[in-house]
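First up is the structure itself, then whatever we jot down about it.
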Amino acid sequence: MKKHLMILGLALSGMSAMAQQADPVLMVVNGKPVTRAEFEYAYNKNQDTEGAVEDVPLDKYVDMFINYKLKVAAAEALRMDTLTSYNEEFRTYRDMQLTPALVDEEYIDSVARSLYQHSVDMLQGRDLLRPAHILMMARQNATDEERAQARTRIDSIYTALQNGADFSELATKLSQDPGSARQGGALPWIGPGNTLQEFEDAAYALKVGEMSGVVESPVGFHIIKMLERKQFEPYDSLRTQIITSLKRQNIEESSAQAKIQKLIAQTGKTREDIMLETLAELEKQDPSLHWLVQEYHDGLLLYEVCKQEVWDKADADVKGQEAWFKSHKKDYKWDKPRFRGFVYHLTSNDKKLRKQVDALLKKHGEGDWRTELKNTINKDSVVVSLHGPYVAAQGENAYVDEAVFGQPQTRPMKKFPYIFSYGKVLKQPKLYTDVKAQVVEDYKQDMERQWVEGLRKRFSFSVDPEVLKTVNNHD
């Protein structure tokens, strides 16, 4: 694995060396050069992405990009790029870009021909049929009476058809095969072995436009009408249709994998060697592919290091979240009051029962009240349905709207017709949990800011101002 990564690194650095004269180094981050082309790729791609960094001045984006590269440097310092899980994910993303170049058209054609030949063998020289039918259900376990009733109904339909009734209309109205009934009784194309033997035998006996008598099968009674018959088309006529169907089943990816295995057998090279050679060839045709692969490499590292060093820590740091809220309380405002608490439904308007529920919630708050509720109040029978805790404004929760804000009941609970609340209506948040999602997000951003400040002190970086002037301004 390390050998493969070293080969990839040498390939990338070799490319940079060959292109250095035309692609000058714009910055160096932790000893690693960043060329103007790599920076332009990232800058222009983000400028073209709606909601990304539109209208961000170049000098500000330079700082953002340096921070990005510093995070990657931190991940590499932690050797995250040597982890098996990372390299597997990176190669998966990289190889997705290489698969189209490895698609083996001969392989796809051979699969298509094999499927076609299988169909030919199944037909045994017989026609393809497109019948319609009307079905009266009478399964094998039906009673004699049920079977007789079904036979009587199908016989009456057959009589109506003989007297000129429209087959499609009767199929739509009366057939007990709902799928075909919606199509006026019409079925898909079928061949030998595709349907019940009794149905198949009767259908193959019909010419186009002819109608059968009543046909009995294990599922009931049918009347069959032949809509179309045809010989199976030659392969060249169906090739496009077959391959289109195969592509929906990811045949191109399968063919690429088959081609890779073929190349491994022929050359003795490893899979990784072949993918690196393919990447090098494609980069000659499209140099931006080099930076796209680099973007995958860096982006995956950035995600992992941010998750480990910032996001997971912030999520778990309850004391830190609470302290952040207290020191920034003025930043968290509601535009309208919110109810913080619980809503509960009762089977009866019993004041004693209400006091029991309120006492339970006062005792446990947002803790584990469920166990005590189950073992005490709801021990013999379920008389309380308790929901929450909520922090909700009017219009955000139907239960809160009804119990707290006096809105009419929108989702009545028949077994629990009485609804009450336990909690308070607050004009502004009092606890960090009242606005927890926003607090956690802000706390993460602050932790990340402090972390990046530390990275800027830990790792070296520099920018060539003369090269910066030529960004998007050179031949």
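So you can find residues: chains in the structure tokens are A, B, ... in the order shown, residues in each start at 1, and ligands are numbered from 1 in order.
All residues of protein, DNA or RNA that reach within 10 Å of Glu233 of chain A, judged by only C-alpha atoms and not counting those fewer than 3 positions away in the chain, are Tyr116, Val120, Leu128, Lys230, Asp236, Ser237 and Leu238 of chain A.
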Export of prior selection with N, CA, C and O atoms as a PDB file, in the first residue's frame:
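Written output follows (again_11.pdb):
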ATOM      1  N   TYR A 116     -29.142 -12.150 -25.866  1.00  0.00           N
ATOM      2  CA  TYR A 116     -29.966 -12.324 -27.066  1.00  0.00           C
ATOM      3  C   TYR A 116     -30.090 -13.806 -27.424  1.00  0.00           C
ATOM      4  O   TYR A 116     -31.183 -14.312 -27.694  1.00  0.00           O
ATOM      5  N   VAL A 120     -33.275 -16.362 -27.864  1.00  0.00           N
ATOM      6  CA  VAL A 120     -33.502 -17.163 -29.075  1.00  0.00           C
ATOM      7  C   VAL A 120     -33.695 -18.638 -28.718  1.00  0.00           C
ATOM      8  O   VAL A 120     -34.610 -19.314 -29.212  1.00  0.00           O
ATOM      9  N   LEU A 128     -42.986 -14.516 -30.843  1.00  0.00           N
ATOM     10  CA  LEU A 128     -43.311 -13.760 -29.633  1.00  0.00           C
ATOM     11  C   LEU A 128     -44.774 -13.358 -29.715  1.00  0.00           C
ATOM     12  O   LEU A 128     -45.281 -13.031 -30.805  1.00  0.00           O
ATOM     13  N   LYS A 230     -45.093 -11.901 -33.634  1.00  0.00           N
ATOM     14  CA  LYS A 230     -43.953 -11.569 -34.497  1.00  0.00           C
ATOM     15  C   LYS A 230     -42.813 -12.554 -34.259  1.00  0.00           C
ATOM     16  O   LYS A 230     -42.695 -13.151 -33.187  1.00  0.00           O
ATOM     17  N   ASP A 236     -28.857  -7.341 -34.535  1.00  0.00           N
ATOM     18  CA  ASP A 236     -28.497  -5.956 -34.862  1.00  0.00           C
ATOM     19  C   ASP A 236     -29.667  -5.001 -34.640  1.00  0.00           C
ATOM     20  O   ASP A 236     -29.457  -3.822 -34.317  1.00  0.00           O
ATOM     21  N   SER A 237     -30.890  -5.479 -34.798  1.00  0.00           N
ATOM     22  CA  SER A 237     -32.065  -4.627 -34.584  1.00  0.00           C
ATOM     23  C   SER A 237     -32.311  -4.347 -33.105  1.00  0.00           C
ATOM     24  O   SER A 237     -32.889  -3.316 -32.749  1.00  0.00           O
ATOM     25  N   LEU A 238     -31.879  -5.273 -32.248  1.00  0.00           N
ATOM     26  CA  LEU A 238     -32.162  -5.161 -30.817  1.00  0.00           C
ATOM     27  C   LEU A 238     -30.944  -4.740 -29.988  1.00  0.00           C
ATOM     28  O   LEU A 238     -31.066  -4.506 -28.792  1.00  0.00           O
TER      29      LEU A 238
END
Exercise. Which residues come within 12 Å of segment 67-77 of chain A, counting only C-alpha atoms, excluding same-chain residues fewer than 3 positions away, as an NGL selection string?
Worked result: :A and (27-34 or 38-39 or 42 or 60-64 or 80-83 or 86 or 294-310 or 448-462)
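Residue nearest Trp311 of chain A, chosen from A:Phe325, A:Tyr443, A:Tyr204, A:Trp189 and counting only C-alpha atoms: A:Tyr443.
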For this session: Name the closest residue to Gly395 of chain A among the candidates A:Ile242, A:Tyr332, A:Pro337, A:Asn194; distances are taken between atoms, counting only C-alpha atoms.
Result: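 Closest candidate: A:Pro337.
Going from atom CA of Val384 of chain A to atom CA of Ala398 of chain A covers 17.8 Å.
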For this session: Rank nothing, just name the residue among A:Gly213, A:Pro57, A:Pro131, A:Gly220 nearest to Gln183 of chain A, using only C-alpha atoms.
Result: A:Pro131
Exercise. Any idea what's packed within 12 Å of Pro218 of chain A, counting only C-alpha atoms, ignoring anything in its chain fewer than 3 positions away? Could you give it as JSON, numbers by chain?
Worked result: {"A": [135, 136, 137, 138, 139, 140, 141, 142, 147, 195, 196, 197, 198, 199, 215, 221, 222]}
Exercise. Got a sec: who's within 9 Å of Glu210 of chain A, counting only C-alpha atoms, leaving out chain neighbours fewer than 6 positions off, as a VMD selection string?
Worked result: chain A and resid 224 to 227
File of the preceding selection, C-alpha atoms, as a PDB file, in the first residue's frame:
ATOM      1  CA  ILE A 224     -57.611 -14.521 -24.472  1.00  0.00           C
ATOM      2  CA  LYS A 225     -57.396 -12.193 -27.453  1.00  0.00           C
ATOM      3  CA  MET A 226     -54.292 -12.085 -29.655  1.00  0.00           C
ATOM      4  CA  LEU A 227     -53.161  -8.525 -30.274  1.00  0.00           C
TER       5      LEU A 227
END
Exercise. What separation in Å, quoted to one decimal, exists between atom CA of Gln428 of chain A and atom CA of Trp334 of chain A?
Worked result: 5.7 Å
Can you list, as a compact mmCIF listing (two decimals) with all heavy atoms, in the first residue's frame, every protein, DNA or RNA residue that comes within 8 Å of Tyr390 of chain A when you count only C-alpha atoms, leaving out same-chain residues fewer than 6 positions away?
# COMPACT_ATOMS: atom_id res chain seq x y z
N PHE A 339 -42.66 27.30 23.61
CA PHE A 339 -42.97 26.47 24.76
C PHE A 339 -41.86 25.45 24.96
O PHE A 339 -41.45 24.78 24.02
CB PHE A 339 -44.30 25.74 24.54
CG PHE A 339 -44.57 24.66 25.56
CD1 PHE A 339 -44.95 24.96 26.86
CD2 PHE A 339 -44.42 23.31 25.21
CE1 PHE A 339 -45.19 23.96 27.79
CE2 PHE A 339 -44.66 22.30 26.12
CZ PHE A 339 -45.03 22.62 27.42
N ARG A 340 -41.37 25.36 26.21
CA ARG A 340 -40.40 24.34 26.54
C ARG A 340 -41.02 23.40 27.57
O ARG A 340 -41.39 23.83 28.67
CB ARG A 340 -39.12 24.95 27.12
CG ARG A 340 -38.06 23.87 27.44
CD ARG A 340 -36.80 24.46 27.99
NE ARG A 340 -36.99 24.93 29.36
CZ ARG A 340 -36.39 26.00 29.88
NH1 ARG A 340 -35.61 26.74 29.13
NH2 ARG A 340 -36.60 26.34 31.13
N GLY A 341 -41.17 22.13 27.21
CA GLY A 341 -41.76 21.20 28.14
C GLY A 341 -42.35 19.99 27.46
O GLY A 341 -41.92 19.60 26.37
N PHE A 342 -43.37 19.43 28.09
CA PHE A 342 -43.98 18.18 27.64
C PHE A 342 -45.46 18.37 27.36
O PHE A 342 -46.10 19.28 27.91
CB PHE A 342 -43.82 17.09 28.72
CG PHE A 342 -42.41 16.71 29.01
CD1 PHE A 342 -41.62 17.48 29.88
CD2 PHE A 342 -41.85 15.59 28.43
CE1 PHE A 342 -40.32 17.12 30.15
CE2 PHE A 342 -40.54 15.23 28.70
CZ PHE A 342 -39.77 16.00 29.57
Problem set entry | Residues of segment 226-354 of chain A in strand (DSSP E or B), written as number ranges by chain | A: 226-230, 338-346
Contacts of Asp177 of chain A at 10 Å (only C-alpha atoms; same-chain gap of 4+ positions) as a CSV table (one decimal) with N, CA and C atoms, in the first residue's frame:
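Produced file result_12.csv, reproduced below:
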chain,number,residue,atom,x,y,z
A,133,HIS,N,-56.1,-10.4,-22.0
A,133,HIS,CA,-57.0,-11.4,-21.4
A,133,HIS,C,-57.9,-10.8,-20.4
A,134,ILE,N,-59.0,-11.5,-20.2
A,134,ILE,CA,-59.9,-11.2,-19.1
A,134,ILE,C,-59.9,-12.4,-18.1
A,135,LEU,N,-59.7,-12.1,-16.8
A,135,LEU,CA,-59.5,-13.2,-15.9
A,135,LEU,C,-60.6,-13.1,-14.8
A,136,MET,N,-61.1,-14.3,-14.5
A,136,MET,CA,-62.0,-14.5,-13.3
A,136,MET,C,-61.2,-15.4,-12.4
A,137,MET,N,-60.8,-14.9,-11.2
A,137,MET,CA,-60.0,-15.7,-10.3
A,137,MET,C,-60.7,-16.9,-9.7
A,171,ALA,N,-62.5,-5.9,-20.2
A,171,ALA,CA,-61.3,-6.2,-19.5
A,171,ALA,C,-61.1,-5.1,-18.4
A,172,THR,N,-61.2,-3.9,-18.8
A,172,THR,CA,-61.0,-2.8,-17.9
A,172,THR,C,-62.0,-2.8,-16.7
A,181,ALA,N,-55.8,-5.2,-16.4
A,181,ALA,CA,-57.1,-4.5,-16.6
A,181,ALA,C,-56.9,-3.0,-16.9
A,182,ARG,N,-55.9,-2.4,-16.2
A,182,ARG,CA,-55.7,-1.0,-16.5
A,182,ARG,C,-55.2,-0.7,-17.9
A,185,GLY,N,-56.7,-5.1,-20.6
A,185,GLY,CA,-56.4,-6.5,-20.7
A,185,GLY,C,-55.1,-6.8,-21.3
